[in-house]
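Here's the structure we're looking at; comments come further down.
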Amino acid sequence: MEYLLSYIFLFPLLIAAVMLFIRSEATTVFRRLALAATFIQVFLSVLLYVQFDKSAQISTWSGAFQFVEKLDWITMKLGSLGQLNIDYFIGVDGISLPLVVLSSLILMIGVISSWKIKEKVKGYFILYLILSSSIIGCFISLDFFLFYLCFEFMLLPMFFLIGIWGGKRRSYASIKFFLYTLLGSLFILIVMIGLYLSVVEGDSNTFSLVQMMDGFYEEGSILDPASRELLFGYSARAIAFVFLLIGFGVKLPLVPVHTWLPDAHVEAPTPISVVLAGLLLKVGAYGFFRITYGIFPDIAVEYSTLIASLGVISILYGGMNALAQNDLKRLVAYSSVSHMGFVLVGLAAITSEGASGSLFQMVSHGLISPALFLLAGVIYDRTNNREIEHFSGLASKMPLYTFFVALFFFAGLGLPGLSGFVGELIVLIGAFKASALSLWIGILATLGIAISAAYFLWTIQRMFFGKYFVRESAWEPSMVDLTAREKFMLIPLAILVLVLGIYPRLILDYSEETINFFVQHISNFNP
């Protein structure tokens, strides 16, 4: 199907534009239009998945992408600097395909979760659909300028969605989120400009990520791997790599630039926490795959131990902080910091197992974490409270809710047969196999799984077992089990967590060729 990616990318923007001309009182119309837009995204993403050729052989990055669309977008003379060329250049490979499908599903579930939004409904769904297009755009962009545009454009709708519809400290949380992410983006911007001035396509410079990954550098340019030019006594490529590490590390989030995440999650409305945990963190991880490692494989090899160590610190620090939390939402937020650390450990291993595990972990966490935030939202909707110590014995009162909490907690701690186990297992295999990493990296990462089990199991024991108790008697009438809408959101996520835990080839088969080429691309620089 021609222009399939453009339909997935741009259709929500089209619906958002239509919403501008509808009177604000028609709240039901906005909900239905947003649901229709995201449902069509899901349908087209499934079609994309079905039509993707998973057996295509890859010899260069230019041949790795399918459903490619490339059009001239911005062209202008820059005097003595030559000509500025920016293309509308999109496509998917085995790394981005699962993330596009995941994004479409989570965005639709986010709309269903938003059904109870009652204030400024028009503005909410317009911003939500802009956010939807921006997220998809990051995963399909093959032009660095287009990627950066989508990456930056996510900030505005997310800032307002937290700042207007969030909790009591929403202003603080939204400003902190914006400043952290904007600062990280500035580091990426500097590298993007440097790469544009160093990489050529034909007779002119280019923002093409494909050209950058395939190594079409101008001879003698500052970021040319053959160049020995130094900046402040250090290799220009090493500085660029560190800048990208900071920029994407903020979004991942990576300790110590993670502190915006718990505040943003706690104050964000439940649907926005779902999108934030399920997708925005994956954009940071995808940036490591596509840009940091894809364009600077030589520096990635050199800094592999540093990257793995940062991942392990995130795993342990996030887990220990989760263990200390009494707010259910903050516990899940810190668990995200911990589980995303596995992505970095897998990448740093520079093995097919490690990279495959990282990608699988991204998808698995993109299913588990949104479900946990939905479940935290269920208890908050009923009581306006999320303090773990204020509840006990909920299993006797809300058995179906308890079942889903237990399922996703067990998936999060890595129980065999569920998707969380597969991702972490493959990452650890890759880490132990990697000759570039110390044995202690794998051992300490494994310790993170034990910490996950501690905080998840302790939460289940405190909230759901024992004698039934809620702190306020006024909560009692609202302590009912899951509604039909809540079941409709949780069941697809539960099915996918179970299916991927039993049959992970639904992702691994589609990413295998790309991952193998990705690892070979990096290993060429391994001494």
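Chains: A, B, ... in order of the structure tokens. Residues: from 1 per chain. Ligands: from 1, in order shown.
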
What's the 6 Å shell around stretch 412-428 of chain A, counting only C-alpha atoms, without same-chain residues fewer than 5 positions away, as a PDB file with N, CA and C atoms, in the first residue's frame?
ATOM      1  N   GLY A 346      21.943  -4.356  27.387  1.00  0.00           N
ATOM      2  CA  GLY A 346      21.889  -5.171  26.178  1.00  0.00           C
ATOM      3  C   GLY A 346      22.595  -4.522  25.005  1.00  0.00           C
ATOM      4  N   GLU A 353      22.341 -11.215  20.736  1.00  0.00           N
ATOM      5  CA  GLU A 353      21.441 -11.514  21.848  1.00  0.00           C
ATOM      6  C   GLU A 353      21.151 -10.249  22.657  1.00  0.00           C
ATOM      7  N   GLY A 354      22.192  -9.480  22.939  1.00  0.00           N
ATOM      8  CA  GLY A 354      22.009  -8.270  23.732  1.00  0.00           C
ATOM      9  C   GLY A 354      21.115  -7.256  23.045  1.00  0.00           C
ATOM     10  N   GLY A 357      17.547  -8.570  22.846  1.00  0.00           N
ATOM     11  CA  GLY A 357      16.937  -8.462  24.166  1.00  0.00           C
ATOM     12  C   GLY A 357      16.549  -7.036  24.500  1.00  0.00           C
ATOM     13  N   PHE A 360      13.396  -6.240  22.551  1.00  0.00           N
ATOM     14  CA  PHE A 360      12.268  -6.972  23.142  1.00  0.00           C
ATOM     15  C   PHE A 360      11.878  -6.362  24.481  1.00  0.00           C
ATOM     16  N   GLN A 361      12.870  -5.958  25.260  1.00  0.00           N
ATOM     17  CA  GLN A 361      12.600  -5.319  26.547  1.00  0.00           C
ATOM     18  C   GLN A 361      11.846  -4.008  26.359  1.00  0.00           C
ATOM     19  N   SER A 364       8.271  -5.084  25.577  1.00  0.00           N
ATOM     20  CA  SER A 364       7.655  -5.684  26.756  1.00  0.00           C
ATOM     21  C   SER A 364       7.332  -4.634  27.809  1.00  0.00           C
ATOM     22  N   SER A 452      13.422  -6.267  41.856  1.00  0.00           N
ATOM     23  CA  SER A 452      12.080  -6.125  41.272  1.00  0.00           C
ATOM     24  C   SER A 452      11.092  -7.053  41.964  1.00  0.00           C
ATOM     25  N   ALA A 453      11.510  -8.290  42.167  1.00  0.00           N
ATOM     26  CA  ALA A 453      10.634  -9.243  42.854  1.00  0.00           C
ATOM     27  C   ALA A 453      10.291  -8.754  44.248  1.00  0.00           C
ATOM     28  N   VAL A 497       1.127  -9.663  26.594  1.00  0.00           N
ATOM     29  CA  VAL A 497       2.176 -10.055  27.545  1.00  0.00           C
ATOM     30  C   VAL A 497       2.283 -11.573  27.622  1.00  0.00           C
ATOM     31  N   LEU A 498       1.148 -12.258  27.599  1.00  0.00           N
ATOM     32  CA  LEU A 498       1.157 -13.718  27.633  1.00  0.00           C
ATOM     33  C   LEU A 498       1.665 -14.304  26.319  1.00  0.00           C
ATOM     34  N   LEU A 500       3.554 -12.931  23.897  1.00  0.00           N
ATOM     35  CA  LEU A 500       4.969 -12.674  23.660  1.00  0.00           C
ATOM     36  C   LEU A 500       5.850 -13.454  24.632  1.00  0.00           C
ATOM     37  N   GLY A 501       5.334 -13.763  25.817  1.00  0.00           N
ATOM     38  CA  GLY A 501       6.093 -14.579  26.751  1.00  0.00           C
ATOM     39  C   GLY A 501       6.217 -16.022  26.287  1.00  0.00           C
ATOM     40  N   ILE A 502       5.198 -16.490  25.571  1.00  0.00           N
ATOM     41  CA  ILE A 502       5.194 -17.874  25.082  1.00  0.00           C
ATOM     42  C   ILE A 502       5.779 -17.975  23.680  1.00  0.00           C
TER      43      ILE A 502
END

*Neighbour list for A:Ile193 as a VMD selection string, cut-off 12 Å, only C-alpha atoms, skip fewer than 5 positions in-chain*: chain A and resid 84 144 to 145 148 186 to 188 198 to 199 205 to 207 222 to 223 240

Could the residues in this selection be written to a file with N, CA and C atoms, as a short mmCIF file (atom, residue, chain, number, x, y, z; two decimals), in the first residue's frame?
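Now in part.cif:
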data_model
loop_
_atom_site.label_atom_id
_atom_site.label_comp_id
_atom_site.auth_asym_id
_atom_site.auth_seq_id
_atom_site.Cartn_x
_atom_site.Cartn_y
_atom_site.Cartn_z
N LEU A 84 20.86 24.28 1.68
CA LEU A 84 20.24 23.50 2.75
C LEU A 84 19.23 22.54 2.15
N PHE A 144 17.41 13.29 9.88
CA PHE A 144 17.69 13.73 11.25
C PHE A 144 16.87 14.98 11.61
N PHE A 145 16.70 15.88 10.66
CA PHE A 145 15.93 17.10 10.94
C PHE A 145 14.48 16.74 11.24
N TYR A 148 14.33 15.17 14.65
CA TYR A 148 14.48 16.17 15.71
C TYR A 148 13.22 17.02 15.85
N LEU A 186 19.01 20.05 23.34
CA LEU A 186 20.03 20.99 22.85
C LEU A 186 21.34 20.27 22.54
N PHE A 187 21.68 19.29 23.35
CA PHE A 187 22.88 18.49 23.06
C PHE A 187 22.71 17.74 21.74
N ILE A 188 21.51 17.20 21.51
CA ILE A 188 21.25 16.49 20.25
C ILE A 188 21.31 17.45 19.08
N SER A 198 29.10 17.45 8.06
CA SER A 198 30.14 16.44 7.83
C SER A 198 29.74 15.37 6.83
N VAL A 199 28.43 15.20 6.59
CA VAL A 199 27.95 14.08 5.77
C VAL A 199 27.40 14.62 4.45
N ASN A 205 25.51 18.68 1.42
CA ASN A 205 25.36 18.11 2.75
C ASN A 205 23.94 17.60 2.96
N THR A 206 23.79 16.71 3.93
CA THR A 206 22.48 16.07 4.10
C THR A 206 22.21 15.76 5.57
N PHE A 207 20.90 15.71 5.89
CA PHE A 207 20.46 15.26 7.21
C PHE A 207 20.09 13.78 7.20
N ILE A 222 34.91 17.34 10.51
CA ILE A 222 35.25 17.21 11.93
C ILE A 222 34.78 15.90 12.53
N LEU A 223 33.68 15.32 11.99
CA LEU A 223 33.14 14.07 12.53
C LEU A 223 33.49 12.85 11.67
N ALA A 240 30.71 14.18 20.51
CA ALA A 240 29.37 14.05 19.93
C ALA A 240 28.64 12.86 20.55
#

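Atom pair atom CA of A:Ile429 / atom CA of A:Ser314: separated by 18.9 Å.
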
*Given the choices A:Ala431, A:Ile136, A:Ala285, A:Val111, which gets closest to A:Thr446 if the distance is worked out from only C-alpha atoms?*
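Ranked by minimum distance to A:Thr446, first place goes to A:Ala431.
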
*Using only C-alpha atoms, which residue out of A:Ile443, A:Asp203, A:Ile451, A:Gly287 lies closest to A:Tyr317?*
A:Ile451
